[in-house]
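Data from run-v5.tsv: TSV, C-alpha atoms
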chain	number	residue	atom	x	y	z
W	23	MET	CA	83.35	111.92	66.87
W	24	ASP	CA	86.83	112.97	65.78
W	25	SER	CA	87.66	116.49	66.79
W	26	TYR	CA	90.53	118.79	65.97
W	27	LYS	CA	91.95	121.84	67.68
W	28	ILE	CA	92.57	124.85	65.45
W	29	ILE	CA	96.12	126.18	65.76
W	30	TYR	CA	96.15	128.78	63.00
W	31	LYS	CA	93.06	130.52	61.74
W	32	ILE	CA	91.04	128.71	59.10
W	33	ALA	CA	87.70	129.52	57.53
W	34	LEU	CA	85.97	127.19	59.97
W	35	GLY	CA	87.23	128.74	63.16
W	36	GLU	CA	89.67	130.74	65.21
W	37	PRO	CA	92.82	129.46	66.94
W	38	GLY	CA	91.96	127.63	70.15
W	39	SER	CA	88.54	126.51	69.03
W	40	SER	CA	87.62	123.05	67.90
W	41	VAL	CA	86.27	121.69	64.67
W	42	SER	CA	84.83	118.27	63.98
W	43	LYS	CA	85.87	115.88	61.26
W	44	THR	CA	82.37	116.14	59.81
W	45	GLU	CA	82.58	119.92	59.56
W	46	LEU	CA	85.91	119.66	57.78
W	47	GLU	CA	84.68	116.99	55.39
W	48	ASP	CA	81.50	118.89	54.62
W	49	ALA	CA	83.64	121.91	53.69
W	50	GLY	CA	85.72	119.78	51.33
W	51	VAL	CA	88.83	120.21	53.43
W	52	ASN	CA	91.83	117.94	52.92
W	53	ILE	CA	92.30	117.04	56.58
W	54	ASP	CA	95.65	115.30	56.18
W	55	ALA	CA	97.08	118.37	54.46
W	56	LEU	CA	95.69	120.68	57.13
W	57	LEU	CA	97.30	118.52	59.81
W	58	ALA	CA	100.58	118.48	57.91
W	59	SER	CA	100.60	122.25	57.50
W	60	GLY	CA	100.03	122.67	61.23
W	61	HIS	CA	96.74	124.52	60.99
W	62	ILE	CA	94.98	121.91	63.09
W	63	GLU	CA	95.97	119.11	65.41
W	64	TYR	CA	94.16	116.22	67.02
W	65	ALA	CA	92.09	117.45	69.96
W	66	ASP	CA	93.11	114.45	72.05
W	67	LYS	CA	95.29	111.43	71.70
W	68	ALA	CA	92.31	109.12	71.51
W	69	THR	CA	91.59	110.34	68.00
W	70	ARG	CA	95.15	109.93	66.76
W	71	PRO	CA	96.09	107.12	64.45
W	72	LYS	CA	97.83	104.26	66.26
W	73	SER	CA	101.07	104.94	64.43
W	74	GLN	CA	101.24	108.42	65.97
W	75	LEU	CA	100.49	107.20	69.46
W	76	GLU	CA	103.51	104.94	69.31
W	77	GLU	CA	105.88	107.79	68.45
C	4	MET	CA	81.78	145.78	31.41
C	5	ALA	CA	85.33	145.30	32.59
C	6	GLN	CA	85.71	144.17	36.16
C	7	TYR	CA	88.24	145.85	38.38
C	8	ILE	CA	89.57	143.42	40.95
C	9	PRO	CA	91.17	145.27	43.85
C	10	MET	CA	91.56	142.05	45.77
C	11	THR	CA	90.32	138.53	45.38
C	12	GLN	CA	89.27	136.64	48.49
C	13	VAL	CA	91.05	133.31	48.19
C	14	THR	CA	90.62	130.34	50.49
C	15	VAL	CA	92.71	127.23	49.88
C	16	ASN	CA	91.84	124.15	51.91
C	17	SER	CA	89.99	126.40	54.35
C	18	VAL	CA	93.03	128.66	54.82
C	19	ASN	CA	92.50	132.29	53.90
C	20	LEU	CA	95.48	133.47	51.85
C	21	ASP	CA	94.15	136.84	50.64
C	22	ASP	CA	97.14	138.76	51.88
C	23	ARG	CA	99.60	136.66	49.89
C	24	VAL	CA	97.78	136.49	46.57
C	25	VAL	CA	99.30	138.44	43.70
C	26	SER	CA	97.02	137.24	40.93
C	27	CYS	CA	94.27	134.72	40.45
C	28	VAL	CA	92.94	133.16	37.25
C	29	LEU	CA	90.04	130.73	37.09
C	30	THR	CA	89.44	129.11	33.70
C	31	LYS	CA	86.59	126.84	32.71
C	32	THR	CA	86.88	125.00	29.42
C	33	LYS	CA	84.98	122.34	27.58
C	34	GLU	CA	86.70	120.08	25.13
C	35	SER	CA	85.39	120.52	21.61
C	36	GLN	CA	84.07	117.37	20.06
C	37	ASP	CA	83.73	117.13	16.30
C	38	VAL	CA	80.20	116.02	15.44
C	39	THR	CA	80.42	116.69	11.72
C	40	THR	CA	78.72	114.16	9.47
C	41	GLN	CA	78.62	113.65	5.72
C	42	ALA	CA	75.37	115.58	5.66
C	43	ASP	CA	77.18	118.75	6.76
C	44	THR	CA	78.98	121.26	4.59
C	45	ALA	CA	80.93	122.78	7.46
C	46	ARG	CA	82.55	121.50	10.63
C	47	LYS	CA	80.28	121.31	13.65
C	48	PHE	CA	81.37	120.98	17.24
C	49	GLN	CA	79.77	120.41	20.58
C	50	GLY	CA	81.09	120.61	24.11
C	51	GLY	CA	82.66	117.58	25.71
C	52	LEU	CA	84.16	117.14	29.12
C	53	GLU	CA	84.50	120.20	31.30
C	54	SER	CA	87.87	121.13	32.72
C	55	ILE	CA	88.67	123.61	35.45
C	56	THR	CA	92.05	125.26	35.90
C	57	VAL	CA	93.02	127.69	38.66
C	58	ASP	CA	96.32	129.55	38.57
C	59	ILE	CA	97.18	131.58	41.64
C	60	GLU	CA	100.39	133.52	42.10
C	61	PHE	CA	101.39	133.70	45.75
C	62	GLN	CA	104.03	135.52	47.70
C	63	LEU	CA	106.05	132.83	49.40
C	64	ASP	CA	105.98	132.99	53.17
C	65	GLN	CA	107.53	130.33	55.38
C	66	ALA	CA	105.92	131.60	58.58
C	67	ALA	CA	103.73	129.09	60.39
C	68	GLY	CA	100.30	128.79	58.85
C	69	GLU	CA	101.25	130.76	55.76
C	70	THR	CA	101.53	129.99	52.07
C	71	THR	CA	104.50	127.64	51.99
C	72	ALA	CA	103.25	125.29	54.72
C	73	THR	CA	99.71	125.36	53.38
C	74	LEU	CA	100.65	124.57	49.81
C	75	GLU	CA	103.51	122.13	50.36
C	76	ALA	CA	101.10	119.86	52.22
C	77	LEU	CA	98.66	119.84	49.31
C	78	VAL	CA	100.99	118.60	46.57
C	79	GLY	CA	99.63	115.45	44.99
C	80	THR	CA	96.24	115.79	46.65
C	81	THR	CA	92.88	117.39	46.03
C	82	THR	CA	91.18	120.12	47.98
C	83	THR	CA	88.58	122.86	47.82
C	84	LEU	CA	89.32	126.36	46.55
C	85	ILE	CA	87.02	129.32	47.15
C	86	MET	CA	87.46	132.56	45.25
C	87	ILE	CA	85.43	135.74	45.53
C	88	PRO	CA	86.48	138.48	43.09
C	89	ASN	CA	86.07	141.48	45.37
C	90	LEU	CA	86.08	142.31	49.03
C	91	GLY	CA	82.72	142.27	50.75
C	92	ALA	CA	79.80	139.94	50.86
C	93	VAL	CA	78.85	137.49	48.17
C	94	SER	CA	76.19	138.92	45.86
C	95	ALA	CA	74.96	138.79	42.29
C	96	THR	CA	77.82	141.07	41.29
C	97	ASN	CA	80.41	139.46	43.56
C	98	ARG	CA	79.83	135.78	43.15
C	99	ARG	CA	81.57	133.00	45.01
C	100	TYR	CA	83.43	130.45	42.89
C	101	THR	CA	84.00	127.14	44.63
C	102	VAL	CA	86.12	124.44	43.04
C	103	THR	CA	85.80	121.09	44.76
C	104	GLY	CA	88.30	118.31	44.17
C	105	ALA	CA	90.99	120.50	42.59
C	106	PHE	CA	94.31	118.70	42.18
C	107	LEU	CA	97.67	120.37	42.89
C	108	GLU	CA	100.41	118.59	40.97
C	109	SER	CA	103.39	120.67	42.05
C	110	PHE	CA	104.49	123.61	44.17
C	111	SER	CA	107.75	125.53	44.09
C	112	SER	CA	108.83	126.19	47.66
C	113	ILE	CA	111.75	128.27	46.41
C	114	ASP	CA	111.12	130.62	43.53
C	115	GLY	CA	112.80	133.96	43.12
C	116	GLY	CA	115.86	135.91	42.20
C	117	LEU	CA	118.24	138.40	43.69
C	118	GLY	CA	116.50	141.47	44.97
C	119	SER	CA	113.00	140.30	44.21
C	120	ILE	CA	110.01	139.29	46.26
C	121	ALA	CA	109.71	135.52	46.19
C	122	THR	CA	106.51	134.57	44.39
C	123	THR	CA	105.37	131.39	42.72
C	124	THR	CA	102.36	130.26	40.77
C	125	ALA	CA	100.44	127.21	41.86
C	126	GLN	CA	98.13	125.54	39.39
C	127	TRP	CA	95.16	123.39	40.32
C	128	THR	CA	93.45	121.29	37.71
C	129	GLY	CA	90.24	119.34	37.59
C	130	GLY	CA	87.41	119.29	40.06
C	131	THR	CA	83.93	120.70	39.80
C	132	LEU	CA	82.93	124.34	39.82
C	133	ALA	CA	79.98	125.80	41.67
C	134	ILE	CA	79.02	129.46	41.39
C	135	ALA	CA	76.85	131.07	44.05
C	136	SER	CA	75.48	134.56	44.47
C	137	THR	CA	74.28	134.19	48.04
Serialized structure, structure tokens:
Amino acid sequence: MDSYKIIYKIALGEPGSSVSKTELEDAGVNIDALLASGHIEYADKATRPKSQLEE
Amino acid sequence: MAQYIPMTQVTVNSVNLDDRVVSCVLTKTKESQDVTTQADTARKFQGGLESITVDIEFQLDQAAGETTATLEALVGTTTTLIMIPNLGAVSATNRRYTVTGAFLESFSSIDGGLGSIATTTAQWTGGTLAIAST
């Protein structure tokens, strides 16, 4: 299951904690936007899109 | 009875932005459809498609995790907005308004004049509204 690390506080958790893709989707969160704004990041490289692994 | 709003709890894409909200307006409309026939002597209308609009004025803040970063990333996409009129728990007199699938067409990252606090209004359109009292 895809998991994300929370960098800046969001409604689903505090910085340092993790949140799953399912939790984010169930809350109607735009995950791409939350990644772009820096609020969350991929918990590990295994969950990153291939394009980002090649950077 | 008029409702005094000391502070609206506002969550945009799961990010709590209470401390940067200046004003918040949620509007629900239904298009009027003319259903008048020759048998009528006056115009008659009925409700058509529902439309939701949310206008929120924010103080701009470029700090990490704040308004500018949060909203710039949402331009051209949809998200979920949660608004609760007053501080405190959700109740029958402090209901939670959740708009799912709200679209943000534009955001002004720079908006202000000399000697003023930089604020800008973001407008979300569309989506579906759910109102809860628990």
- Task: Tell me the residues of chain W close to chain C, meaning within 12 Å using all atoms listed in the file, as a VMD selection string.
- Result: chain W and resid 28 to 37 41 45 to 62
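Note that atom CA of W:Lys43 and atom CA of W:Asp24 are 5.5 Å apart.
Nearest-residue note for C:Cys27: choosing from C:Ser109, C:Gln12, C:Asn97, C:Thr40, the minimum distance belongs to C:Gln12, counting all atoms listed in the file.
Computed from the coordinates, the atom CA of C:Arg99 to atom CA of C:Thr11 distance equals 10.4 Å.
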- note - atom CA of C:Val13 and atom CA of C:Phe110 are separated by 17.1 Å
Counting all atoms listed in the file, which residues sit no farther than 10 Å from the position (99.5, 134.9, 37.8) in the file's frame? I'd like them as a short mmCIF file (atom, residue, chain, number, x, y, z; two decimals) with C-alpha atoms, in the coordinates of the input.
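Below is the file result-v6.cif, written as the result:
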data_model
loop_
_atom_site.label_atom_id
_atom_site.label_comp_id
_atom_site.auth_asym_id
_atom_site.auth_seq_id
_atom_site.Cartn_x
_atom_site.Cartn_y
_atom_site.Cartn_z
CA VAL C 24 97.78 136.49 46.57
CA VAL C 25 99.30 138.44 43.70
CA SER C 26 97.02 137.24 40.93
CA CYS C 27 94.27 134.72 40.45
CA VAL C 28 92.94 133.16 37.25
CA VAL C 57 93.02 127.69 38.66
CA ASP C 58 96.32 129.55 38.57
CA ILE C 59 97.18 131.58 41.64
CA GLU C 60 100.39 133.52 42.10
CA PHE C 61 101.39 133.70 45.75
CA THR C 122 106.51 134.57 44.39
CA THR C 123 105.37 131.39 42.72
CA THR C 124 102.36 130.26 40.77
CA ALA C 125 100.44 127.21 41.86
CA GLN C 126 98.13 125.54 39.39
#
Return the padded bounding box of stretch 72-88 of chain C as lines of an AutoDock Vina configuration file: axis-aligned, built from all atoms listed in the file, 5 Å added on each side, with centre and edge lengths in Å to one decimal.
center_x = 94.5
center_y = 127.0
center_z = 48.9
size_x = 28.1
size_y = 33.0
size_z = 21.6
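Between C:Thr131 and the candidates C:Gln49, C:Ser94, C:Ser54, C:Thr44, the tightest atom-to-atom separation, counting all atoms listed in the file, involves C:Ser54.
Shortest atom-to-atom contact with C:Gly129 among C:Gln62, C:Thr30, C:Asn89, C:Ser112: C:Thr30, counting only C-alpha atoms.
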- Message: Please list, as a ChimeraX atom specification, the residues that have an atom at most 6 Å away from (86.0, 120.9, 22.6) in the coordinates of this file, counting only C-alpha atoms.
- Response: /C:33-36,50-51
